[in-house]
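K.L.:
Got a file for you: start.tsv, TSV, C-alpha atoms.
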```tsv
chain	number	residue	atom	x	y	z
Q	659	MET	CA	31.49	73.15	44.81
Q	660	ASN	CA	32.81	71.57	41.64
Q	661	LEU	CA	35.34	69.62	43.69
Q	662	ILE	CA	32.59	68.27	45.98
Q	663	ARG	CA	30.45	67.39	43.00
Q	664	ARG	CA	33.30	65.54	41.29
Q	665	THR	CA	34.05	63.67	44.49
Q	666	VAL	CA	30.43	62.56	44.90
Q	667	LEU	CA	30.18	61.48	41.28
Q	668	GLY	CA	33.44	59.58	41.62
Q	669	LEU	CA	32.14	57.70	44.64
Q	670	ILE	CA	28.93	56.82	42.80
Q	671	ALA	CA	30.88	55.55	39.80
Q	672	ALA	CA	33.18	53.49	42.00
Q	673	ALA	CA	30.20	51.91	43.72
Q	674	ALA	CA	28.58	51.12	40.39
Q	675	THR	CA	31.67	49.35	39.07
Q	676	ALA	CA	32.67	47.54	42.25
Q	677	PRO	CA	32.15	43.76	42.21
Q	678	ALA	CA	28.48	43.13	42.90
Q	679	ALA	CA	29.36	40.23	45.16
Q	680	MET	CA	30.89	42.62	47.70
Q	681	ALA	CA	27.48	44.00	48.63
Q	682	GLN	CA	25.47	40.81	48.31
Q	683	ASP	CA	23.85	38.99	51.18
Q	684	THR	CA	23.99	35.73	49.24
Q	685	ILE	CA	26.64	33.93	47.20
Q	686	LYS	CA	25.26	33.81	43.68
Q	687	VAL	CA	25.95	31.15	41.07
Q	688	GLY	CA	24.90	31.60	37.44
Q	689	GLU	CA	22.98	28.60	36.12
Q	690	ILE	CA	22.42	28.50	32.34
Q	691	ASN	CA	20.32	25.78	30.74
Q	692	HIS	CA	17.77	24.83	28.10
Q	693	TYR	CA	14.75	25.01	30.39
Q	694	LYS	CA	12.16	25.25	27.63
Q	695	ARG	CA	13.81	23.29	24.84
Q	696	MET	CA	14.73	20.31	27.05
Q	697	ALA	CA	12.24	20.64	29.89
Q	698	ALA	CA	12.05	16.88	30.48
Q	699	PHE	CA	15.65	16.98	31.70
Q	700	ALA	CA	16.11	20.57	32.79
Q	701	GLU	CA	13.13	20.83	35.13
Q	702	PRO	CA	14.06	17.77	37.25
Q	703	TYR	CA	17.63	19.07	37.19
Q	704	LYS	CA	16.46	22.41	38.62
Q	705	LYS	CA	14.41	20.64	41.28
Q	706	GLY	CA	17.49	18.66	42.27
Q	707	ILE	CA	19.44	21.90	42.67
Q	708	GLU	CA	16.67	23.42	44.77
Q	709	LEU	CA	16.56	20.38	47.07
Q	710	ALA	CA	20.30	20.58	47.68
Q	711	LEU	CA	20.14	24.36	48.20
Q	712	SER	CA	17.44	23.96	50.84
Q	713	GLU	CA	19.62	21.48	52.72
Q	714	ILE	CA	22.78	23.59	52.35
Q	715	ASN	CA	21.11	26.80	53.47
Q	716	GLU	CA	19.25	25.18	56.34
Q	717	ALA	CA	22.67	24.01	57.57
Q	718	GLY	CA	24.00	27.58	57.53
Q	719	GLY	CA	24.88	28.16	53.88
Q	720	VAL	CA	28.46	28.62	52.70
Q	721	LEU	CA	31.02	30.98	54.25
Q	722	GLY	CA	28.25	32.27	56.49
Q	723	LYS	CA	25.96	33.24	53.59
Q	724	PRO	CA	23.04	31.56	51.82
Q	725	LEU	CA	23.90	29.99	48.47
Q	726	GLU	CA	21.71	31.18	45.58
Q	727	PHE	CA	21.44	29.99	41.97
Q	728	VAL	CA	20.41	32.54	39.35
Q	729	TYR	CA	18.61	30.63	36.57
Q	730	ARG	CA	18.66	31.67	32.92
Q	731	ASP	CA	17.29	29.97	29.78
Q	732	ASP	CA	19.60	29.91	26.74
Q	733	GLN	CA	17.07	28.21	24.41
Q	734	GLY	CA	19.75	25.68	23.50
Q	735	ASP	CA	21.63	28.38	21.56
Q	736	PRO	CA	25.42	28.62	22.15
Q	737	ALA	CA	25.54	32.32	21.26
Q	738	GLU	CA	22.68	33.09	23.65
Q	739	ALA	CA	24.37	31.08	26.40
Q	740	VAL	CA	27.58	33.09	26.05
Q	741	LYS	CA	25.64	36.37	26.08
Q	742	ILE	CA	23.84	35.32	29.27
Q	743	ALA	CA	27.13	34.21	30.84
Q	744	GLU	CA	28.60	37.66	30.28
Q	745	GLU	CA	25.55	39.30	31.90
Q	746	LEU	CA	25.60	36.96	34.89
Q	747	MET	CA	29.28	37.60	35.47
Q	748	THR	CA	29.23	41.39	35.06
Q	749	ARG	CA	25.75	42.46	36.17
Q	750	GLU	CA	24.44	39.80	38.54
Q	751	GLY	CA	27.62	39.36	40.54
Q	752	THR	CA	27.70	35.58	40.20
Q	753	VAL	CA	30.91	33.93	41.36
Q	754	MET	CA	30.87	31.07	38.83
Q	755	LEU	CA	28.74	29.35	36.18
Q	756	THR	CA	27.04	25.96	36.07
Q	757	GLY	CA	24.74	24.13	33.73
Q	758	SER	CA	24.07	23.13	30.11
Q	759	ILE	CA	22.84	19.81	28.78
Q	760	LEU	CA	23.74	19.95	25.08
Q	761	SER	CA	27.44	19.53	24.44
Q	762	HIS	CA	27.81	22.22	21.78
Q	763	VAL	CA	26.39	24.75	24.26
Q	764	GLY	CA	28.65	23.46	27.01
Q	765	LEU	CA	31.68	23.79	24.73
Q	766	ALA	CA	30.74	27.41	24.01
Q	767	LEU	CA	30.48	28.14	27.73
Q	768	SER	CA	33.80	26.38	28.31
Q	769	SER	CA	35.47	28.61	25.71
Q	770	PHE	CA	33.93	31.64	27.42
Q	771	ALA	CA	35.27	30.43	30.78
Q	772	ALA	CA	38.78	30.05	29.37
Q	773	GLU	CA	38.70	33.46	27.68
Q	774	LYS	CA	37.34	35.31	30.73
Q	775	GLU	CA	39.21	33.18	33.28
Q	776	TYR	CA	35.94	32.40	35.04
Q	777	LEU	CA	34.99	29.08	36.60
Q	778	TYR	CA	32.44	26.90	34.78
Q	779	LEU	CA	31.13	23.64	36.24
Q	780	ALA	CA	29.64	21.76	33.29
Q	781	ALA	CA	26.93	19.75	34.98
Q	782	GLU	CA	25.70	17.64	32.09
Q	783	PRO	CA	27.48	18.14	28.72
Q	784	LEU	CA	28.74	14.71	27.72
Q	785	ALA	CA	31.27	15.36	24.95
Q	786	ASP	CA	34.66	14.31	26.26
Q	787	SER	CA	36.39	17.05	24.29
Q	788	LEU	CA	35.08	19.35	27.05
Q	789	VAL	CA	37.68	18.04	29.51
Q	790	TRP	CA	40.20	16.46	27.16
Q	791	ASN	CA	40.96	17.84	23.67
Q	792	SER	CA	39.33	21.21	24.39
Q	793	GLY	CA	39.94	21.20	28.13
Q	794	ASN	CA	41.04	24.29	30.03
Q	795	PRO	CA	41.87	25.12	33.67
Q	796	TYR	CA	38.56	26.89	34.25
Q	797	THR	CA	36.17	24.11	33.12
Q	798	PHE	CA	35.22	21.18	35.36
Q	799	ARG	CA	32.67	18.47	34.57
Q	800	LEU	CA	30.36	16.54	36.89
Q	801	ARG	CA	28.62	14.05	34.62
Q	802	ALA	CA	30.29	10.70	33.95
Q	803	SER	CA	32.63	10.62	30.97
Q	804	THR	CA	31.15	9.52	27.64
Q	805	TRP	CA	34.28	7.45	27.12
Q	806	VAL	CA	33.67	5.61	30.38
Q	807	GLN	CA	30.00	4.85	29.69
Q	808	ALA	CA	30.75	3.70	26.14
Q	809	ALA	CA	33.59	1.51	27.45
Q	810	MET	CA	31.19	-0.15	29.89
Q	811	LEU	CA	28.84	-1.02	27.01
Q	812	ALA	CA	31.73	-2.17	24.85
Q	813	GLU	CA	32.88	-4.50	27.63
Q	814	GLU	CA	29.48	-6.20	27.56
Q	815	ALA	CA	29.36	-6.26	23.75
Q	816	ALA	CA	32.74	-7.99	23.62
Q	817	LYS	CA	31.23	-10.94	25.51
Q	818	SER	CA	28.67	-11.58	22.75
Q	819	ASP	CA	29.04	-13.50	19.50
Q	820	ALA	CA	28.26	-10.40	17.43
Q	821	ILE	CA	30.89	-9.47	14.86
Q	822	THR	CA	29.21	-6.83	12.70
Q	823	TYR	CA	27.79	-3.63	14.22
Q	824	ALA	CA	25.72	-0.68	13.12
Q	825	THR	CA	25.78	2.59	15.02
Q	826	ILE	CA	23.25	5.42	15.18
Q	827	ALA	CA	23.93	8.70	16.95
Q	828	PRO	CA	22.96	12.37	16.69
Q	829	ASN	CA	25.33	14.27	14.44
Q	830	TYR	CA	27.03	16.63	16.89
Q	831	ALA	CA	29.94	16.58	19.33
Q	832	TYR	CA	28.44	14.21	21.89
Q	833	GLY	CA	27.19	11.68	19.36
Q	834	GLN	CA	30.51	11.65	17.53
Q	835	ASP	CA	32.48	11.19	20.76
Q	836	ALA	CA	30.14	8.41	21.89
Q	837	VAL	CA	30.51	6.41	18.68
Q	838	ASN	CA	34.27	6.83	18.53
Q	839	ALA	CA	34.61	5.73	22.16
Q	840	PHE	CA	32.51	2.61	21.64
Q	841	LYS	CA	34.35	1.63	18.46
Q	842	GLU	CA	37.80	2.13	19.94
Q	843	ASN	CA	37.02	0.22	23.12
Q	844	LEU	CA	35.24	-2.66	21.39
Q	845	GLN	CA	37.93	-3.06	18.72
Q	846	ARG	CA	40.56	-3.16	21.45
Q	847	LEU	CA	38.66	-5.91	23.30
Q	848	LYS	CA	37.59	-7.80	20.18
Q	849	PRO	CA	39.76	-6.96	17.15
Q	850	ASP	CA	37.69	-8.94	14.65
Q	851	VAL	CA	34.55	-6.78	14.99
Q	852	GLU	CA	33.45	-4.79	11.95
Q	853	PHE	CA	31.30	-1.68	11.77
Q	854	VAL	CA	29.11	-2.03	8.70
Q	855	ALA	CA	26.90	1.06	9.02
Q	856	GLU	CA	27.04	4.44	10.73
Q	857	GLN	CA	23.88	6.57	10.79
Q	858	TRP	CA	24.05	10.25	11.79
Q	859	PRO	CA	20.57	11.80	12.10
Q	860	ALA	CA	20.28	15.48	12.92
Q	861	LEU	CA	19.65	16.08	16.61
Q	862	PHE	CA	15.89	16.01	17.39
Q	863	ASN	CA	15.11	15.73	13.67
Q	864	ILE	CA	15.47	12.02	12.97
Q	865	ASP	CA	13.82	10.38	9.97
Q	866	ALA	CA	13.37	7.13	11.84
Q	867	GLY	CA	11.94	5.18	8.91
Q	868	ALA	CA	14.91	5.96	6.70
Q	869	GLU	CA	17.40	5.25	9.49
Q	870	VAL	CA	15.82	1.88	10.27
Q	871	GLN	CA	15.88	0.91	6.60
Q	872	ALA	CA	19.55	1.86	6.25
Q	873	ILE	CA	20.53	-0.19	9.31
Q	874	GLU	CA	18.46	-3.17	8.18
Q	875	ARG	CA	20.13	-3.15	4.76
Q	876	ALA	CA	23.53	-3.50	6.42
Q	877	LYS	CA	22.37	-6.68	8.23
Q	878	PRO	CA	24.40	-6.09	11.41
Q	879	ASP	CA	24.62	-8.63	14.19
Q	880	ALA	CA	24.22	-5.86	16.80
Q	881	ILE	CA	23.35	-2.17	17.11
Q	882	TYR	CA	24.87	0.61	19.18
Q	883	ASN	CA	22.37	3.41	19.82
Q	884	VAL	CA	23.16	6.92	21.09
Q	885	THR	CA	19.86	8.64	20.26
Q	886	PHE	CA	17.83	10.07	23.13
Q	887	GLY	CA	14.67	12.05	23.80
Q	888	SER	CA	12.18	12.27	20.95
Q	889	ASP	CA	14.72	10.73	18.54
Q	890	LEU	CA	14.95	7.61	20.72
Q	891	ALA	CA	11.16	7.31	20.93
Q	892	LYS	CA	10.80	7.46	17.15
Q	893	LEU	CA	13.63	4.97	16.60
Q	894	VAL	CA	12.21	2.50	19.12
Q	895	ARG	CA	8.72	2.63	17.64
Q	896	GLU	CA	9.78	2.50	14.00
Q	897	GLY	CA	12.40	-0.16	14.66
Q	898	GLY	CA	9.96	-2.20	16.70
Q	899	ASP	CA	7.29	-2.06	14.01
Q	900	ARG	CA	9.78	-3.18	11.35
Q	901	GLY	CA	11.46	-5.88	13.44
Q	902	LEU	CA	14.87	-4.18	13.39
Q	903	PHE	CA	15.74	-5.30	16.91
Q	904	ASP	CA	14.52	-8.90	16.59
Q	905	GLY	CA	17.38	-11.33	17.12
Q	906	ARG	CA	19.92	-8.54	17.51
Q	907	SER	CA	21.81	-7.33	20.55
Q	908	VAL	CA	21.31	-3.61	21.18
Q	909	TYR	CA	23.52	-1.41	23.34
Q	910	GLY	CA	22.00	1.92	24.34
Q	911	LEU	CA	23.90	4.85	25.78
Q	912	LEU	CA	21.53	6.82	28.09
Q	913	THR	CA	18.55	4.64	27.08
Q	914	GLY	CA	17.97	3.55	30.67
Q	915	GLU	CA	17.59	7.09	31.98
Q	916	PRO	CA	14.02	7.78	33.22
Q	917	GLU	CA	13.81	10.99	31.15
Q	918	TYR	CA	13.95	8.89	28.01
Q	919	LEU	CA	12.67	5.49	29.14
Q	920	ASP	CA	9.53	6.58	31.03
Q	921	PRO	CA	7.80	8.26	28.05
Q	922	LEU	CA	7.98	4.99	26.10
Q	923	GLY	CA	5.65	3.23	28.55
Q	924	ASP	CA	4.92	-0.33	27.50
Q	925	GLU	CA	6.67	0.32	24.17
Q	926	ALA	CA	10.02	0.45	25.95
Q	927	PRO	CA	12.54	-1.95	24.41
Q	928	GLU	CA	13.32	-5.13	26.29
Q	929	GLY	CA	16.69	-6.80	26.57
Q	930	TRP	CA	18.84	-3.82	25.57
Q	931	PHE	CA	22.04	-3.37	27.56
Q	932	VAL	CA	22.05	0.26	28.66
Q	933	THR	CA	23.34	2.96	30.96
Q	934	GLY	CA	20.73	4.73	33.06
Q	935	PHE	CA	19.46	5.54	36.54
Q	936	PRO	CA	17.52	2.75	38.32
Q	937	TRP	CA	16.40	4.86	41.28
Q	938	TYR	CA	13.56	2.41	42.01
Q	939	GLY	CA	16.03	-0.32	42.94
Q	940	PHE	CA	18.10	1.43	45.61
Q	941	GLU	CA	18.14	-0.31	48.97
Q	942	ASP	CA	17.02	1.28	52.22
Q	943	GLY	CA	19.84	2.86	54.20
Q	944	THR	CA	21.96	3.68	51.16
Q	945	PRO	CA	22.85	7.26	50.15
Q	946	GLY	CA	20.98	6.78	46.90
Q	947	LYS	CA	17.75	5.78	48.64
Q	948	THR	CA	18.08	8.68	51.07
Q	949	PHE	CA	18.27	11.06	48.09
Q	950	VAL	CA	15.32	9.41	46.33
Q	951	ASP	CA	13.12	9.65	49.42
Q	952	ALA	CA	14.07	13.29	50.07
Q	953	TYR	CA	13.44	14.23	46.44
Q	954	MET	CA	10.03	12.55	46.34
Q	955	ASP	CA	9.04	14.16	49.65
Q	956	ALA	CA	10.08	17.59	48.39
Q	957	THR	CA	8.60	17.40	44.88
Q	958	GLY	CA	5.94	14.70	44.91
Q	959	GLU	CA	7.65	13.26	41.82
Q	960	THR	CA	9.94	10.36	41.08
Q	961	PRO	CA	13.54	11.41	40.38
Q	962	LYS	CA	15.24	11.49	37.01
Q	963	ILE	CA	18.95	11.39	36.25
Q	964	GLY	CA	18.65	15.17	35.87
Q	965	SER	CA	17.43	15.37	39.47
Q	966	LEU	CA	20.58	13.59	40.61
Q	967	VAL	CA	22.88	15.74	38.49
Q	968	GLY	CA	21.25	18.95	39.72
Q	969	TYR	CA	21.50	17.88	43.34
Q	970	MET	CA	25.17	16.96	43.01
Q	971	THR	CA	25.90	20.17	41.09
Q	972	ALA	CA	24.78	22.27	44.06
Q	973	GLN	CA	26.63	19.99	46.46
Q	974	SER	CA	29.81	20.40	44.40
Q	975	VAL	CA	29.49	24.18	44.26
Q	976	ALA	CA	29.02	24.42	48.03
Q	977	ALA	CA	31.96	22.11	48.71
Q	978	GLY	CA	34.20	24.02	46.31
Q	979	ILE	CA	33.40	27.42	47.80
Q	980	ALA	CA	33.80	26.10	51.33
Q	981	ARG	CA	37.20	24.63	50.50
Q	982	ALA	CA	38.30	27.84	48.77
Q	983	GLY	CA	37.28	29.97	51.73
Q	984	ALA	CA	36.65	32.74	49.22
Q	985	THR	CA	34.70	33.44	46.02
Q	986	ASP	CA	37.36	34.82	43.67
Q	987	THR	CA	37.97	32.69	40.60
Q	988	GLU	CA	41.55	31.67	41.26
Q	989	SER	CA	40.71	30.48	44.78
Q	990	LEU	CA	37.75	28.51	43.42
Q	991	VAL	CA	39.75	26.92	40.60
Q	992	THR	CA	42.44	25.83	43.05
Q	993	ALA	CA	39.77	24.46	45.40
Q	994	PHE	CA	38.08	22.40	42.68
Q	995	GLU	CA	41.31	20.63	41.73
Q	996	ASP	CA	41.13	17.27	43.52
Q	997	LEU	CA	38.07	18.51	45.43
Q	998	THR	CA	36.27	15.73	47.28
Q	999	VAL	CA	32.53	16.19	47.73
Q	1000	ASN	CA	31.27	14.14	50.67
Q	1001	ASN	CA	27.88	12.57	51.26
Q	1002	THR	CA	26.58	12.63	47.70
Q	1003	PRO	CA	23.96	10.08	46.61
Q	1004	ILE	CA	26.77	7.88	45.25
Q	1005	GLY	CA	29.12	8.43	48.18
Q	1006	ASP	CA	32.23	10.59	47.99
Q	1007	LEU	CA	33.00	12.23	44.64
Q	1008	THR	CA	36.31	13.77	43.51
Q	1009	TYR	CA	37.19	16.22	40.73
Q	1010	ARG	CA	40.46	14.92	39.29
Q	1011	ALA	CA	43.16	17.57	38.96
Q	1012	ILE	CA	44.57	15.89	35.85
Q	1013	ASP	CA	41.54	16.64	33.67
Q	1014	ASN	CA	38.92	18.35	35.90
Q	1015	GLN	CA	36.60	15.36	35.39
Q	1016	SER	CA	34.59	14.05	38.33
Q	1017	THR	CA	34.69	10.43	39.45
Q	1018	LEU	CA	30.93	9.92	39.02
Q	1019	GLY	CA	30.42	6.47	37.51
Q	1020	ALA	CA	27.41	4.94	35.79
Q	1021	TRP	CA	24.67	2.39	36.27
Q	1022	VAL	CA	24.54	-0.37	33.65
Q	1023	GLY	CA	21.90	-3.04	33.19
Q	1024	THR	CA	19.24	-4.46	30.91
Q	1025	THR	CA	15.90	-2.96	29.92
Q	1026	ALA	CA	12.59	-4.62	30.71
Q	1027	VAL	CA	8.92	-3.65	30.95
Q	1028	GLU	CA	7.27	-3.97	34.35
Q	1029	ASP	CA	3.71	-2.83	35.06
Q	1030	GLY	CA	3.59	-1.03	31.72
Q	1031	THR	CA	6.79	0.96	32.34
Q	1032	GLY	CA	10.34	0.61	31.08
Q	1033	VAL	CA	12.88	-0.17	33.80
Q	1034	MET	CA	16.44	-1.37	34.22
Q	1035	VAL	CA	16.99	-4.83	35.68
Q	1036	ASP	CA	20.10	-6.79	36.64
Q	1037	TRP	CA	21.88	-3.47	37.02
Q	1038	GLU	CA	25.02	-2.45	38.87
Q	1039	TYR	CA	26.82	0.81	39.58
Q	1040	LYS	CA	30.32	0.83	38.12
Q	1041	ASP	CA	33.24	2.94	39.23
Q	1042	PRO	CA	34.80	4.81	36.31
Q	1043	ALA	CA	38.47	4.27	37.21
Q	1044	PRO	CA	39.03	0.96	35.36
Q	1045	TYR	CA	37.56	2.43	32.16
Q	1046	MET	CA	39.47	5.71	32.04
Q	1047	PRO	CA	42.32	6.38	29.60
Q	1048	THR	CA	45.72	6.40	31.27
Q	1049	ASP	CA	47.05	9.59	32.80
Q	1050	GLU	CA	49.64	9.73	30.03
Q	1051	GLU	CA	46.95	9.50	27.35
Q	1052	ILE	CA	44.90	12.23	29.01
Q	1053	MET	CA	47.91	14.54	29.34
Q	1054	ALA	CA	48.65	14.04	25.64
Q	1055	MET	CA	45.06	14.98	24.74
Q	1056	ARG	CA	44.68	18.09	26.90
Q	1057	PRO	CA	46.10	21.37	25.57
Q	1058	ALA	CA	49.19	22.62	27.35
Q	1059	GLU	CA	48.30	24.92	30.25
```
Take the structure in this file and express it as structure tokens.

P.N.:
Amino acid sequence: MNLIRRTVLGLIAAAATAPAAMAQDTIKVGEINHYKRMAAFAEPYKKGIELALSEINEAGGVLGKPLEFVYRDDQGDPAEAVKIAEELMTREGTVMLTGSILSHVGLALSSFAAEKEYLYLAAEPLADSLVWNSGNPYTFRLRASTWVQAAMLAEEAAKSDAITYATIAPNYAYGQDAVNAFKENLQRLKPDVEFVAEQWPALFNIDAGAEVQAIERAKPDAIYNVTFGSDLAKLVREGGDRGLFDGRSVYGLLTGEPEYLDPLGDEAPEGWFVTGFPWYGFEDGTPGKTFVDAYMDATGETPKIGSLVGYMTAQSVAAGIARAGATDTESLVTAFEDLTVNNTPIGDLTYRAIDNQSTLGAWVGTTAVEDGTGVMVDWEYKDPAPYMPTDEEIMAMRPAE
């Protein structure tokens, strides 16, 4: 009797500790993000994921199973994100992680991925240290490199007569990377430029009046802006009221993204050279327009850059799992190296094996106000390849694997 009882208990224990994925009817992916703290980005991002999932699952899913994302809110807290990641991996039976917007949270998840040897697709975090200085074999990134986007703005700035520049950026990993990238690229293209002021407001806690005064005192010819969200809105309004932007060229990283430009309405800046997402200008018959139409039909809303990133995140996950032919981490990591994702809204997309960075580029153009709304005009989509560091430079930056 005791032998039977021990045998039964042993079977129960084995079942409880077996990988949850073995018994699942779906392939689960853990998605961690700041759904409350950054709802303006995270909610469109989630809707983009859901649109892609509906298309993927209607077409038969992946490896014969539906693909499912398990959503969790980390409140923008790195420690909370890591705690959730552990729970998703051990209790929910997820096969990999995606998500994060803020770079310091993404870096925490990347460290977790390296420690646990568990795949993390960083959808949005923009700090380049994620794939370069702090890169690891288990972290891949979808969103266009900060270095690349800053280099595109620097290329335009080098064409101007401006010699002295002021910069303003949130004081955390992404802002620091973005300023360093712009400075290095611009000084390479135009060695006589001088940076006369650097302002580092706390993220989402800008004292716009003080920042505007500090920049004005430096009397720069041009300004490089990396603020976004509520910080951008306060800077634009305070700077506009005080004439900070009058007669000055302004280069804005992310400023053209609908998440940040739409809320400004007719107060949106005009004539800034920016990166963004001009969804309203895509031509019929292009992959971008097909995505825009499908998203608007599904949600009744206009898309944001987050919508695009979410959609392509799910596409990437499905393509990676399909290529792996399995859901164990090592198979997935191998599959993501040089993975090509077909039929995305920007065409084919590849995750480079050298640094796990995708080949998603960026849209650059100039801001204007049309019908009371900020838009990008005279824009173009630029491939990232000409703006990337050399392979040798990237290999020197990434830790030895």

K.L.:
Please identify all polymer residues within 12 Å of Val1033 (chain Q), counting all atoms listed in the file, omitting same-chain residues fewer than 2 positions from it, and present them as a PyMOL selection string.

P.N.:
chain Q and resi 913-939+1022-1031+1035-1037

K.L.:
I'd like the neighbourhood of Thr825 (chain Q) as a ChimeraX atom specification, where a residue qualifies if any of its atoms comes within 8 Å (using all atoms listed in the file), though same-chain residues fewer than 2 positions away should be ignored.

P.N.:
/Q:823,827,837,853,855-857,881-884

K.L.:
For Tyr909 (chain Q), which residue among Q:Ala820, Q:Val991, Q:Val854, Q:Ala952 is the nearest when counting all atoms listed in the file?

P.N.:
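Counting all atoms listed in the file, the residue closest to Tyr909 (chain Q) is Q:Ala820.
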
K.L.:
Please, which residues in region 928-1034 of chain Q fall within 10 Å of region 704-728 of chain Q when counting all atoms listed in the file, and what is the closest atom pair and distance in Å to one decimal for each, ordered by chain then residue number, as a tab-separated table?

P.N.:
```
residue	atom	partner	partner_atom	distance
Q:Phe949	CA	Q:Leu709	CA	9.5
Q:Ala952	CA	Q:Leu709	CA	8.1
Q:Tyr953	CA	Q:Leu709	CA	6.9
Q:Ala956	CA	Q:Leu709	CA	7.2
Q:Thr957	CA	Q:Lys705	CA	7.6
Q:Pro961	CA	Q:Gly706	CA	8.5
Q:Lys962	CA	Q:Gly706	CA	9.2
Q:Ile963	CA	Q:Gly706	CA	9.6
Q:Gly964	CA	Q:Gly706	CA	7.4
Q:Ser965	CA	Q:Gly706	CA	4.3
Q:Leu966	CA	Q:Gly706	CA	6.2
Q:Val967	CA	Q:Gly706	CA	7.2
Q:Gly968	CA	Q:Ile707	CA	4.5
Q:Tyr969	CA	Q:Gly706	CA	4.2
Q:Met970	CA	Q:Ile707	CA	7.6
Q:Thr971	CA	Q:Ile707	CA	6.9
Q:Ala972	CA	Q:Ile707	CA	5.5
Q:Gln973	CA	Q:Ala710	CA	6.5
Q:Val975	CA	Q:Leu725	CA	9.1
Q:Ala976	CA	Q:Val720	CA	6.3
Q:Ala977	CA	Q:Val720	CA	8.4
Q:Gly978	CA	Q:Val720	CA	9.7
Q:Ile979	CA	Q:Val720	CA	7.1
Q:Ala980	CA	Q:Val720	CA	6.1
Q:Arg981	CA	Q:Leu721	CA	9.6
Q:Ala982	CA	Q:Leu721	CA	9.6
Q:Gly983	CA	Q:Leu721	CA	6.8
Q:Ala984	CA	Q:Leu721	CA	7.8
Q:Thr985	CA	Q:Leu721	CA	9.3
```

K.L.:
For region 842-860 of chain Q, what centre and edge lengths in Å (one decimal) does the axis-aligned box get once 3 Å is added on each side of all its listed atoms, as JSON?

P.N.:
```
{"center_x": 30.4, "center_y": 3.3, "center_z": 16.0, "size_x": 26.3, "size_y": 30.4, "size_z": 20.6}
```

K.L.:
To one decimal in Å, tell me the separation between CA of Ser989 (chain Q) and CA of Asp1013 (chain Q).

P.N.:
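Computing the Euclidean distance for CA of Ser989 (chain Q) and CA of Asp1013 (chain Q) yields 17.8 Å.
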
K.L.:
Tell me which protein, DNA and RNA residues are within 10 Å of region 897-901 of chain Q, counting only C-alpha atoms, leaving out same-chain ones fewer than 6 positions away, and put them as number ranges by chain.

P.N.:
Q: 866-867, 869-871, 873-874, 891, 925-927
